[in-house]
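File shown here: coords34.txt, holding compact mmCIF, C-alpha atoms and all ligand atoms.
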```
# COMPACT_ATOMS: atom_id res chain seq x y z
CA MET A 2 97.22 -37.19 188.74
CA LYS A 3 100.67 -36.22 187.51
CA PHE A 4 101.55 -32.52 187.68
CA ILE A 5 104.44 -30.05 187.55
CA GLU A 6 104.48 -27.21 190.08
CA PRO A 7 106.28 -24.56 188.04
CA HIS A 8 106.58 -21.89 190.75
CA ALA A 9 107.14 -22.77 194.41
CA HIS A 10 109.35 -21.21 197.08
CA MET A 11 110.21 -24.38 198.91
CA VAL A 12 112.89 -22.82 201.14
CA SER A 13 109.96 -21.41 203.10
CA ARG A 14 107.92 -24.64 203.14
CA THR A 15 108.09 -27.67 205.41
CA THR A 16 109.06 -31.24 204.61
CA ASP A 17 105.38 -32.14 205.14
CA ASP A 18 104.58 -29.92 202.14
CA TYR A 19 107.00 -31.91 199.99
CA ALA A 20 105.32 -35.11 201.19
CA ASP A 21 101.84 -33.77 200.39
CA MET A 22 102.89 -32.55 196.95
CA ALA A 23 104.49 -35.90 196.11
CA THR A 24 101.36 -37.70 197.35
CA ALA A 25 99.20 -35.53 195.09
CA GLY A 26 101.32 -36.41 192.04
CA CYS A 27 103.96 -33.69 191.80
CA VAL A 28 106.86 -34.98 189.69
CA ALA A 29 108.87 -31.77 189.33
CA LEU A 30 108.89 -28.28 190.75
CA CYS A 31 110.66 -25.04 189.94
CA GLU A 32 111.83 -22.58 192.54
CA PRO A 33 112.52 -19.02 191.39
CA ALA A 34 114.77 -16.80 193.50
CA PHE A 35 112.67 -14.33 195.48
CA TRP A 36 112.57 -11.88 198.37
CA ALA A 37 113.13 -13.46 201.77
CA GLY A 38 110.60 -11.22 203.53
CA PHE A 39 113.48 -9.02 204.70
CA ASP A 40 116.28 -7.30 202.78
CA ARG A 41 119.54 -9.23 202.53
CA SER A 42 122.47 -7.01 203.50
CA SER A 43 124.98 -8.02 200.82
CA ALA A 44 125.66 -10.07 197.72
CA ASP A 45 127.10 -12.75 200.00
CA GLY A 46 123.61 -13.29 201.41
CA PHE A 47 122.48 -14.05 197.85
CA ARG A 48 125.46 -16.34 197.27
CA ASP A 49 124.32 -18.45 200.25
CA TYR A 50 120.73 -18.40 198.99
CA PHE A 51 121.81 -19.51 195.49
CA ARG A 52 123.77 -22.38 197.10
CA GLN A 53 120.62 -23.37 198.98
CA LEU A 54 118.66 -23.35 195.70
CA THR A 55 121.25 -25.29 193.70
CA GLU A 56 122.67 -27.70 196.30
CA TYR A 57 120.43 -28.22 199.31
CA GLU A 58 116.84 -27.86 198.07
CA PRO A 59 117.23 -30.40 195.21
CA LYS A 60 118.19 -33.00 197.84
CA ARG A 61 115.13 -32.23 199.98
CA ALA A 62 112.92 -32.63 196.91
CA ALA A 63 114.69 -35.82 195.77
CA ASN A 64 113.78 -37.45 199.11
CA PHE A 65 110.20 -37.46 197.83
CA GLY A 66 110.97 -38.36 194.24
CA ILE A 67 110.41 -34.79 193.05
CA LYS A 68 112.84 -33.19 190.58
CA HIS A 69 113.86 -29.70 191.70
CA PHE A 70 114.78 -26.88 189.29
CA THR A 71 115.55 -23.25 189.97
CA TRP A 72 115.82 -19.73 188.55
CA LEU A 73 118.29 -17.06 189.70
CA CYS A 74 118.05 -13.28 190.11
CA ILE A 75 117.73 -10.44 192.57
CA ASN A 76 114.00 -9.96 193.15
CA PRO A 77 112.36 -6.67 192.09
CA LYS A 78 111.55 -5.99 195.74
CA GLU A 79 115.29 -5.54 196.34
CA SER A 80 115.97 -3.74 193.05
CA GLU A 81 115.62 -0.20 194.35
CA ASP A 82 119.18 -0.58 195.67
CA MET A 83 121.17 -0.38 192.41
CA ALA A 84 124.56 -1.02 194.03
CA LEU A 85 123.35 -4.25 195.63
CA ALA A 86 121.63 -5.29 192.39
CA LYS A 87 124.86 -4.84 190.41
CA ASP A 88 126.80 -6.90 192.96
CA VAL A 89 124.23 -9.72 192.80
CA LEU A 90 124.20 -9.68 189.00
CA GLU A 91 127.94 -10.40 189.15
CA VAL A 92 127.35 -13.39 191.44
CA ILE A 93 124.67 -15.07 189.27
CA PRO A 94 127.03 -16.34 186.51
CA GLU A 95 128.92 -18.37 189.17
CA PHE A 96 125.78 -20.54 189.45
CA MET A 97 124.52 -20.53 185.88
CA ASP A 98 126.12 -23.88 185.05
CA CYS A 99 124.57 -25.72 187.99
CA PRO A 100 122.55 -28.70 186.71
CA ASN A 101 119.16 -27.53 188.06
CA VAL A 102 119.31 -23.89 186.87
CA LEU A 103 116.75 -23.17 184.14
CA GLY A 104 117.28 -19.46 183.67
CA ILE A 105 116.86 -15.96 185.07
CA GLY A 106 113.89 -15.30 187.36
CA GLU A 107 111.68 -14.29 188.87
CA ILE A 108 112.62 -10.87 187.59
CA GLY A 109 110.20 -8.05 186.81
CA LEU A 110 108.79 -5.07 188.65
CA ASN A 111 107.25 -4.46 192.07
CA LYS A 112 106.35 -0.75 192.46
CA ASN A 113 107.20 0.17 188.83
CA SER A 114 110.06 2.52 189.75
CA ARG A 115 112.85 3.72 187.48
CA ASN A 116 115.51 1.71 189.31
CA GLU A 117 113.38 -1.43 189.12
CA VAL A 118 113.10 -0.94 185.35
CA LYS A 119 116.89 -0.49 185.07
CA VAL A 120 117.57 -3.66 187.07
CA LEU A 121 115.01 -5.52 184.95
CA GLU A 122 116.87 -4.40 181.80
CA MET A 123 120.15 -5.61 183.32
CA HIS A 124 118.62 -9.04 184.02
CA VAL A 125 117.17 -9.27 180.51
CA ASP A 126 120.62 -8.45 179.14
CA LEU A 127 122.19 -11.16 181.34
CA ALA A 128 119.63 -13.70 180.14
CA ALA A 129 120.06 -12.74 176.48
CA SER A 130 123.85 -12.81 176.60
CA HIS A 131 123.83 -16.28 178.23
CA ASP A 132 120.89 -17.62 176.17
CA GLN A 133 118.79 -18.28 179.27
CA LEU A 134 115.02 -18.71 179.68
CA ILE A 135 113.26 -15.90 181.57
CA LEU A 136 110.62 -16.10 184.30
CA VAL A 137 108.89 -12.79 185.03
CA HIS A 138 107.07 -11.72 188.20
CA THR A 139 104.41 -9.09 187.52
CA PRO A 140 103.56 -6.59 190.29
CA HIS A 141 100.81 -7.00 192.82
CA LEU A 142 97.31 -5.56 192.91
CA GLU A 143 97.02 -1.92 191.76
CA ASP A 144 100.51 -2.00 190.20
CA LYS A 145 100.01 -5.10 188.03
CA HIS A 146 98.44 -3.65 184.89
CA LYS A 147 100.91 -0.78 184.52
CA GLY A 148 103.85 -3.01 185.49
CA THR A 149 102.94 -5.70 183.00
CA ARG A 150 102.85 -3.11 180.22
CA LEU A 151 106.25 -1.72 181.23
CA ILE A 152 107.73 -5.24 181.39
CA LEU A 153 106.41 -6.11 177.92
CA ASP A 154 108.04 -2.90 176.61
CA VAL A 155 111.42 -3.82 178.12
CA LEU A 156 111.26 -7.31 176.57
CA LYS A 157 110.20 -5.95 173.19
CA ASN A 158 113.02 -3.42 173.19
CA ASP A 159 115.66 -6.16 173.43
CA SER A 160 115.75 -7.71 169.95
CA ARG A 161 117.65 -10.78 171.21
CA ILE A 162 114.63 -11.93 173.25
CA ASN A 163 112.43 -14.64 171.74
CA PRO A 164 108.96 -14.11 173.29
CA GLU A 165 108.31 -17.86 173.46
CA ARG A 166 111.23 -18.24 175.85
CA VAL A 167 109.68 -15.85 178.38
CA MET A 168 107.04 -16.82 180.96
CA ILE A 169 105.10 -13.87 182.42
CA ASP A 170 103.68 -15.05 185.72
CA HIS A 171 100.78 -13.89 187.92
CA VAL A 172 98.54 -12.85 185.01
CA GLU A 173 94.90 -12.00 185.73
CA GLU A 174 91.91 -11.08 183.59
CA HIS A 175 93.23 -7.58 182.86
CA THR A 176 96.76 -8.68 181.80
CA ILE A 177 96.45 -12.14 180.25
CA GLY A 178 95.44 -10.79 176.82
CA MET A 179 98.41 -8.47 176.37
CA VAL A 180 100.86 -11.18 177.51
CA LEU A 181 99.57 -13.77 175.03
CA ASP A 182 99.29 -11.16 172.25
CA ALA A 183 103.00 -10.36 172.73
CA GLY A 184 103.82 -14.03 172.08
CA HIS A 185 104.88 -14.87 175.63
CA TRP A 186 103.68 -17.60 177.96
CA GLY A 187 101.37 -16.67 180.84
CA GLY A 188 101.20 -18.11 184.36
CA MET A 189 98.16 -17.95 186.64
CA THR A 190 98.99 -17.97 190.32
CA LEU A 191 96.45 -19.63 192.60
CA TYR A 192 96.43 -17.66 195.83
CA PRO A 193 93.77 -17.76 198.53
CA GLU A 194 93.45 -13.95 198.93
CA SER A 195 95.02 -12.15 195.99
CA LYS A 196 96.02 -13.05 192.42
CA CYS A 197 93.70 -15.78 191.12
CA SER A 198 91.13 -18.28 192.45
CA PRO A 199 90.70 -21.80 191.01
CA ALA A 200 87.35 -20.82 189.45
CA ARG A 201 88.82 -17.75 187.74
CA ALA A 202 91.86 -19.71 186.53
CA ILE A 203 89.58 -22.23 184.82
CA ASP A 204 87.40 -19.40 183.43
CA MET A 205 90.53 -17.97 181.78
CA ILE A 206 91.44 -21.34 180.22
CA GLU A 207 87.87 -21.60 178.89
CA ARG A 208 88.06 -18.10 177.49
CA PHE A 209 91.65 -17.79 176.22
CA GLY A 210 92.29 -21.45 175.39
CA SER A 211 94.98 -23.70 176.81
CA GLU A 212 97.95 -22.65 174.65
CA ARG A 213 100.99 -21.06 176.36
CA LEU A 214 99.38 -21.03 179.82
CA TRP A 215 100.17 -22.74 183.12
CA TRP A 216 98.97 -22.67 186.72
CA ASP A 217 101.18 -22.40 189.77
CA ALA A 218 100.80 -22.19 193.55
CA ALA A 219 103.76 -19.82 194.10
CA CYS A 220 103.67 -21.16 197.64
CA ASP A 221 105.97 -19.18 199.93
CA TRP A 222 105.97 -17.81 203.48
CA GLY A 223 102.70 -15.89 202.93
CA PRO A 224 99.14 -17.26 202.72
CA SER A 225 99.46 -19.82 199.92
CA VAL A 226 98.52 -23.43 199.23
CA PRO A 227 101.13 -25.95 197.95
CA LEU A 228 98.36 -28.18 196.55
CA ALA A 229 96.59 -25.36 194.70
CA VAL A 230 97.38 -26.82 191.24
CA PRO A 231 95.94 -30.34 191.82
CA ARG A 232 92.96 -28.85 193.67
CA THR A 233 92.23 -26.61 190.69
CA ALA A 234 92.55 -29.65 188.43
CA VAL A 235 89.85 -31.36 190.53
CA GLU A 236 87.67 -28.27 190.12
CA MET A 237 88.21 -28.45 186.36
CA ARG A 238 87.12 -32.10 186.43
CA ARG A 239 83.98 -31.09 188.36
CA ARG A 240 83.13 -28.76 185.51
CA GLY A 241 83.23 -31.70 183.12
CA HIS A 242 86.49 -31.04 181.29
CA GLU A 243 88.33 -33.89 179.55
CA GLU A 244 91.28 -35.45 181.36
CA ALA A 245 93.50 -34.70 178.35
CA LEU A 246 92.89 -30.96 178.67
CA ILE A 247 93.50 -31.04 182.43
CA GLU A 248 96.78 -32.89 181.90
CA LYS A 249 97.78 -30.37 179.24
CA VAL A 250 97.38 -27.47 181.67
CA ILE A 251 99.01 -29.04 184.73
CA PHE A 252 101.70 -31.17 183.08
CA GLU A 253 102.22 -30.88 179.32
CA ASN A 254 102.24 -27.09 179.10
CA PRO A 255 104.81 -26.46 181.84
CA LYS A 256 106.87 -29.35 180.41
CA THR A 257 106.80 -27.79 176.94
CA PHE A 258 107.90 -24.37 178.16
CA LEU A 259 110.52 -25.61 180.60
CA SER A 260 111.96 -28.16 178.16
CA GLN A 261 113.28 -25.23 176.13
CA SER A 262 116.12 -25.59 178.62
CA GLU A 263 117.98 -28.85 177.93
CA ARG A 264 118.44 -29.17 181.70
CA PHE A 265 114.73 -29.76 182.24
CA VAL A 266 114.61 -33.55 182.02
CA ILE A 267 111.94 -35.47 183.98
CA MET B 29 84.44 -22.47 176.09
CA THR B 30 82.73 -23.49 179.30
CA MET B 31 81.62 -27.11 179.57
CA MET B 32 78.77 -26.12 181.86
CA THR B 33 75.14 -25.26 181.25
CA ARG B 34 73.86 -22.18 183.04
CA GLN B 35 72.01 -24.54 185.38
CA LYS B 36 75.27 -26.30 186.27
CA VAL B 37 77.02 -22.97 186.87
CA MET B 38 74.24 -22.06 189.28
CA ASP B 39 74.35 -25.42 191.03
CA GLN B 40 78.13 -25.34 191.38
CA TYR B 41 78.82 -21.66 192.11
CA PHE B 42 75.67 -19.92 193.39
CA MET B 43 76.17 -20.65 197.10
CA ASP B 44 79.78 -19.50 196.96
CA ALA B 45 78.88 -16.26 195.13
CA ARG B 46 75.96 -15.62 197.51
CA HIS B 47 78.25 -16.07 200.48
CA LYS B 48 80.81 -13.63 199.05
CA LEU B 49 78.14 -11.04 198.19
CA ILE B 50 76.75 -11.07 201.73
CA ASP B 51 80.30 -10.64 203.04
CA ILE B 52 80.69 -7.55 200.82
CA ALA B 53 77.37 -6.16 202.06
CA ALA B 54 78.48 -6.70 205.66
CA PHE B 55 81.83 -5.05 204.89
CA LEU B 56 80.03 -1.94 203.57
CA ASP B 57 77.84 -1.87 206.71
CA ARG B 58 80.97 -2.17 208.85
CA VAL B 59 82.70 0.70 207.03
CA GLU B 60 79.65 2.96 207.34
CA GLY B 61 79.13 2.07 210.98
CA ALA B 62 82.69 3.02 211.88
CA GLU B 63 83.99 6.47 212.88
CA GLY B 64 86.36 8.54 210.75
CA LYS B 65 86.92 9.31 207.07
CA GLU B 66 87.01 6.85 204.18
CA ASP B 67 90.19 6.77 202.14
CA PHE B 68 90.97 6.31 198.43
CA ARG B 69 90.59 2.54 198.73
CA MET B 70 86.89 2.89 199.50
CA ALA B 71 86.37 5.27 196.59
CA ALA B 72 87.97 2.70 194.27
CA PHE B 73 85.83 -0.04 195.84
CA ARG B 74 82.61 1.90 195.24
CA ASP B 75 83.67 2.57 191.67
CA ALA B 76 84.51 -1.11 191.16
CA ILE B 77 81.10 -2.22 192.47
CA LYS B 78 79.40 -0.28 189.68
CA HIS B 79 80.88 -2.70 187.15
CA LEU B 80 78.92 -5.61 188.61
CA GLU B 81 75.85 -4.26 186.84
CA ASP B 82 77.61 -4.17 183.44
CA GLY B 83 76.47 -6.54 180.73
CA GLY B 84 78.87 -8.76 178.78
CA ASN B 85 81.62 -10.86 180.29
CA ASP B 86 84.38 -8.42 181.20
CA ARG B 87 83.29 -7.66 184.77
CA ALA B 88 86.33 -9.25 186.41
CA LYS B 89 88.64 -7.30 184.12
CA ASP B 90 86.75 -4.04 184.68
CA VAL B 91 86.79 -4.46 188.47
CA LEU B 92 90.55 -5.13 188.35
CA MET B 93 91.03 -2.01 186.21
CA ALA B 94 88.99 0.09 188.66
CA PHE B 95 91.67 -0.64 191.29
CA SER B 96 94.64 -0.20 188.92
CA ASP B 97 97.19 2.59 188.52
CA PRO B 98 96.21 4.18 185.17
CA THR B 99 99.52 6.07 184.65
CA GLU B 100 102.15 4.94 182.16
CA GLU B 101 105.58 6.20 183.26
CA PRO B 102 107.78 4.54 185.91
CA ILE B 103 107.68 6.38 189.24
CA ALA B 104 110.81 8.15 190.51
CA LYS B 105 111.42 5.86 193.48
CA ALA B 106 109.66 2.91 195.10
CA PRO B 107 107.93 4.27 198.23
CA GLY B 108 108.12 0.89 199.95
CA LYS B 109 107.55 -2.70 198.92
CA GLY B 110 103.87 -3.38 199.49
CA ALA B 111 100.73 -2.78 197.47
CA CYS B 112 97.47 -1.83 199.18
CA GLY B 113 94.96 -2.92 196.54
CA ALA B 114 93.91 0.44 195.12
CA TRP B 115 95.73 3.29 193.39
CA PRO B 116 96.14 6.25 195.78
CA GLY B 117 96.44 8.86 193.00
CA GLU B 118 99.32 10.74 191.39
CA GLY B 119 102.17 11.73 193.72
CA SER B 120 100.63 10.05 196.75
CA GLU B 121 102.20 6.58 196.67
CA VAL B 122 101.53 4.86 199.95
CA GLU B 123 104.36 3.57 202.09
CA GLY B 124 103.95 -0.17 202.34
ZN ZN C 301 107.33 -16.20 193.43
```

Before we go any further, please render this structure as structure tokens.
Amino acid sequence: MKFIEPHAHMVSRTTDDYADMATAGCVALCEPAFWAGFDRSSADGFRDYFRQLTEYEPKRAANFGIKHFTWLCINPKESEDMALAKDVLEVIPEFMDCPNVLGIGEIGLNKNSRNEVKVLEMHVDLAASHDQLILVHTPHLEDKHKGTRLILDVLKNDSRINPERVMIDHVEEHTIGMVLDAGHWGGMTLYPESKCSPARAIDMIERFGSERLWWDAACDWGPSVPLAVPRTAVEMRRRGHEEALIEKVIFENPKTFLSQSERFVI
Amino acid sequence: MTMMTRQKVMDQYFMDARHKLIDIAAFLDRVEGAEGKEDFRMAAFRDAIKHLEDGGNDRAKDVLMAFSDPTEEPIAKAPGKGACGAWPGEGSEVEG
């Protein structure tokens, strides 16, 4: 089957993972900027990371016939440090014209603090002033519901933002409704321990329909499965769903959202 | 809508759900067999379990909400980076 992996942190994955994803039918993947598992000490650390995302990683992916796209930001986990965040926000425009950059992401909130909200607003302003797509990370576990509400408020308060150009990722049963009601796209992240299981992800498609939704593996350095999307597609097939619907969720939908950037050509 | 009959749901998912339920039962036995006090996570867990007996089809949502921070305003400062799975209560953000 042909699929797009719309959220994968390949800098923390092996070449074998690229090979497996290509074997399973991955034609394109998108890598949002995220937290490295430790705090970077300066904006220069981000500059190197953005070079990795725009220069090096696309070549690794191309070795397996996979198109590589990326999103740039300072992750909410590093947004408590306002001075660092401001420095990084000045670096981002240097990379915004790179051919694989789709927009600003994954921005959002982590612990729902005041500084995180301010840095989120700064990112939304950057995206709006450069007419960029937005990819949003919603907080983990007990912080997700409150954080998703706060994020939706920030987006609504900026009149330049077109909701259809914003993907809100990591939705679950208690947040998917408000995200779709606000006119945004919603992403379901298939994680082995937290976020969403394959069965629940299919339940949500059955319940909320297949419009403006995608699945992703968000594979990174934590417990995560690079083949989560095709495996969930197989599970959907086992339930008796039509191939056309499966292809819509794992290929057509991400293509439709991402193609709002003219750089997303596959 | 689901493509499955109730019979197919049972055939495809019963063993998995049974396995997970027994794991939860064993977890509760393990907690009660251990020394020391329970913390806020266990209180949230016990509250969440109650929703399994609810009718309708919002159990997953209700269980998620039982673990969620119900407040609305941003907090003054992030206490750390991690989340622990249950809301510790006002003014007692856990370092993570
Ligand atoms: Zn991510």

- If you count all atoms listed in the file, which residues end up within 8 Å of ligand ZN 301 (chain C), as a VMD selection string? chain A and resid 8 to 10 32 to 35 107 138 219 to 221

- Item | Interface list for chain A, partner chain B, 6 Å threshold, only C-alpha atoms, as a VMD selection string | chain A and resid 112 to 115 142 to 144 174 to 175 207 to 208

- Query: How many Å lie between atom CA of Ile77 of chain B and atom CA of Ile52 of chain B, rounded to one decimal?
  - Reply: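 Going from atom CA of Ile77 of chain B over to atom CA of Ile52 of chain B, I get 9.9 Å.
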
- Message: I'd like the neighbourhood of Ile75 of chain A as number ranges by chain, where a residue qualifies if any of its atoms comes within 12 Å (using only C-alpha atoms), though same-chain residues fewer than 5 positions away should be ignored.
- Response: A: 33-37, 40-41, 43-44, 46-48, 50-51, 80-93, 105-110, 117, 120-121, 123-124, 137-138

- Task: Do a neighbour search on segment 56-58 of chain B at 12 Å with only C-alpha atoms, toss out local chain neighbours closer than 6 positions, and write the hits as a list in words.
- Result: Leu49, Ile50, Glu66, Met70, Ala71, Phe73, Arg74 and Ile77 of chain B

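Taking atom CA of Ile251 of chain A and atom CA of Ala202 of chain A as the two end points, the separation is 11.9 Å.
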
- Task: Find the distance between atom CA of Glu253 of chain A and atom CA of Phe4 of chain A and write it in Å to one decimal.
- Result: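 Distance between the two atoms: 8.5 Å.
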
Got a minute to add N, CA and C atoms to segment 61-87 of chain B and dump it as a PDB file, in the coordinates of the input?
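Result went into out.pdb, see below:
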```pdb
ATOM      1  N   GLY B  61      79.384   2.004 209.543  1.00  0.00           N
ATOM      2  CA  GLY B  61      79.130   2.070 210.980  1.00  0.00           C
ATOM      3  C   GLY B  61      80.317   2.539 211.795  1.00  0.00           C
ATOM      4  N   ALA B  62      81.469   2.658 211.146  1.00  0.00           N
ATOM      5  CA  ALA B  62      82.690   3.020 211.880  1.00  0.00           C
ATOM      6  C   ALA B  62      82.925   4.526 211.829  1.00  0.00           C
ATOM      7  N   GLU B  63      83.666   5.037 212.803  1.00  0.00           N
ATOM      8  CA  GLU B  63      83.990   6.470 212.880  1.00  0.00           C
ATOM      9  C   GLU B  63      85.139   6.801 211.926  1.00  0.00           C
ATOM     10  N   GLY B  64      85.208   8.064 211.524  1.00  0.00           N
ATOM     11  CA  GLY B  64      86.360   8.540 210.750  1.00  0.00           C
ATOM     12  C   GLY B  64      86.073   8.597 209.257  1.00  0.00           C
ATOM     13  N   LYS B  65      87.083   9.102 208.510  1.00  0.00           N
ATOM     14  CA  LYS B  65      86.920   9.310 207.070  1.00  0.00           C
ATOM     15  C   LYS B  65      87.236   8.046 206.276  1.00  0.00           C
ATOM     16  N   GLU B  66      86.633   7.928 205.098  1.00  0.00           N
ATOM     17  CA  GLU B  66      87.010   6.850 204.180  1.00  0.00           C
ATOM     18  C   GLU B  66      88.260   7.294 203.433  1.00  0.00           C
ATOM     19  N   ASP B  67      89.041   6.360 202.951  1.00  0.00           N
ATOM     20  CA  ASP B  67      90.190   6.770 202.140  1.00  0.00           C
ATOM     21  C   ASP B  67      89.984   6.353 200.675  1.00  0.00           C
ATOM     22  N   PHE B  68      91.040   6.568 199.880  1.00  0.00           N
ATOM     23  CA  PHE B  68      90.970   6.310 198.430  1.00  0.00           C
ATOM     24  C   PHE B  68      90.590   4.865 198.107  1.00  0.00           C
ATOM     25  N   ARG B  69      90.892   3.950 199.012  1.00  0.00           N
ATOM     26  CA  ARG B  69      90.590   2.540 198.730  1.00  0.00           C
ATOM     27  C   ARG B  69      89.076   2.335 198.621  1.00  0.00           C
ATOM     28  N   MET B  70      88.351   3.046 199.505  1.00  0.00           N
ATOM     29  CA  MET B  70      86.890   2.890 199.500  1.00  0.00           C
ATOM     30  C   MET B  70      86.279   3.519 198.254  1.00  0.00           C
ATOM     31  N   ALA B  71      86.870   4.640 197.824  1.00  0.00           N
ATOM     32  CA  ALA B  71      86.370   5.270 196.590  1.00  0.00           C
ATOM     33  C   ALA B  71      86.547   4.313 195.421  1.00  0.00           C
ATOM     34  N   ALA B  72      87.714   3.661 195.356  1.00  0.00           N
ATOM     35  CA  ALA B  72      87.970   2.700 194.270  1.00  0.00           C
ATOM     36  C   ALA B  72      87.001   1.521 194.392  1.00  0.00           C
ATOM     37  N   PHE B  73      86.742   1.096 195.609  1.00  0.00           N
ATOM     38  CA  PHE B  73      85.830  -0.040 195.840  1.00  0.00           C
ATOM     39  C   PHE B  73      84.436   0.291 195.339  1.00  0.00           C
ATOM     40  N   ARG B  74      83.961   1.505 195.681  1.00  0.00           N
ATOM     41  CA  ARG B  74      82.610   1.900 195.240  1.00  0.00           C
ATOM     42  C   ARG B  74      82.547   2.006 193.718  1.00  0.00           C
ATOM     43  N   ASP B  75      83.630   2.481 193.119  1.00  0.00           N
ATOM     44  CA  ASP B  75      83.670   2.570 191.670  1.00  0.00           C
ATOM     45  C   ASP B  75      83.666   1.158 191.050  1.00  0.00           C
ATOM     46  N   ALA B  76      84.423   0.266 191.676  1.00  0.00           N
ATOM     47  CA  ALA B  76      84.510  -1.110 191.160  1.00  0.00           C
ATOM     48  C   ALA B  76      83.153  -1.809 191.214  1.00  0.00           C
ATOM     49  N   ILE B  77      82.414  -1.574 192.297  1.00  0.00           N
ATOM     50  CA  ILE B  77      81.100  -2.220 192.470  1.00  0.00           C
ATOM     51  C   ILE B  77      80.160  -1.905 191.303  1.00  0.00           C
ATOM     52  N   LYS B  78      80.286  -0.683 190.783  1.00  0.00           N
ATOM     53  CA  LYS B  78      79.400  -0.280 189.680  1.00  0.00           C
ATOM     54  C   LYS B  78      79.490  -1.240 188.501  1.00  0.00           C
ATOM     55  N   HIS B  79      80.689  -1.820 188.308  1.00  0.00           N
ATOM     56  CA  HIS B  79      80.880  -2.700 187.150  1.00  0.00           C
ATOM     57  C   HIS B  79      80.130  -4.017 187.264  1.00  0.00           C
ATOM     58  N   LEU B  80      79.666  -4.347 188.464  1.00  0.00           N
ATOM     59  CA  LEU B  80      78.920  -5.610 188.610  1.00  0.00           C
ATOM     60  C   LEU B  80      77.627  -5.582 187.820  1.00  0.00           C
ATOM     61  N   GLU B  81      77.114  -4.383 187.570  1.00  0.00           N
ATOM     62  CA  GLU B  81      75.850  -4.260 186.840  1.00  0.00           C
ATOM     63  C   GLU B  81      76.054  -4.220 185.325  1.00  0.00           C
ATOM     64  N   ASP B  82      77.328  -4.207 184.885  1.00  0.00           N
ATOM     65  CA  ASP B  82      77.610  -4.170 183.440  1.00  0.00           C
ATOM     66  C   ASP B  82      77.101  -5.443 182.767  1.00  0.00           C
ATOM     67  N   GLY B  83      76.766  -5.330 181.492  1.00  0.00           N
ATOM     68  CA  GLY B  83      76.470  -6.540 180.730  1.00  0.00           C
ATOM     69  C   GLY B  83      77.775  -7.155 180.228  1.00  0.00           C
ATOM     70  N   GLY B  84      77.673  -8.168 179.377  1.00  0.00           N
ATOM     71  CA  GLY B  84      78.870  -8.760 178.780  1.00  0.00           C
ATOM     72  C   GLY B  84      79.609  -9.661 179.740  1.00  0.00           C
ATOM     73  N   ASN B  85      80.875  -9.948 179.418  1.00  0.00           N
ATOM     74  CA  ASN B  85      81.620 -10.860 180.290  1.00  0.00           C
ATOM     75  C   ASN B  85      83.008 -10.333 180.614  1.00  0.00           C
ATOM     76  N   ASP B  86      83.088  -9.008 180.823  1.00  0.00           N
ATOM     77  CA  ASP B  86      84.380  -8.420 181.200  1.00  0.00           C
ATOM     78  C   ASP B  86      84.341  -7.818 182.604  1.00  0.00           C
ATOM     79  N   ARG B  87      83.422  -8.283 183.447  1.00  0.00           N
ATOM     80  CA  ARG B  87      83.290  -7.660 184.770  1.00  0.00           C
ATOM     81  C   ARG B  87      84.551  -7.827 185.608  1.00  0.00           C
TER      82      ARG B  87
END
```
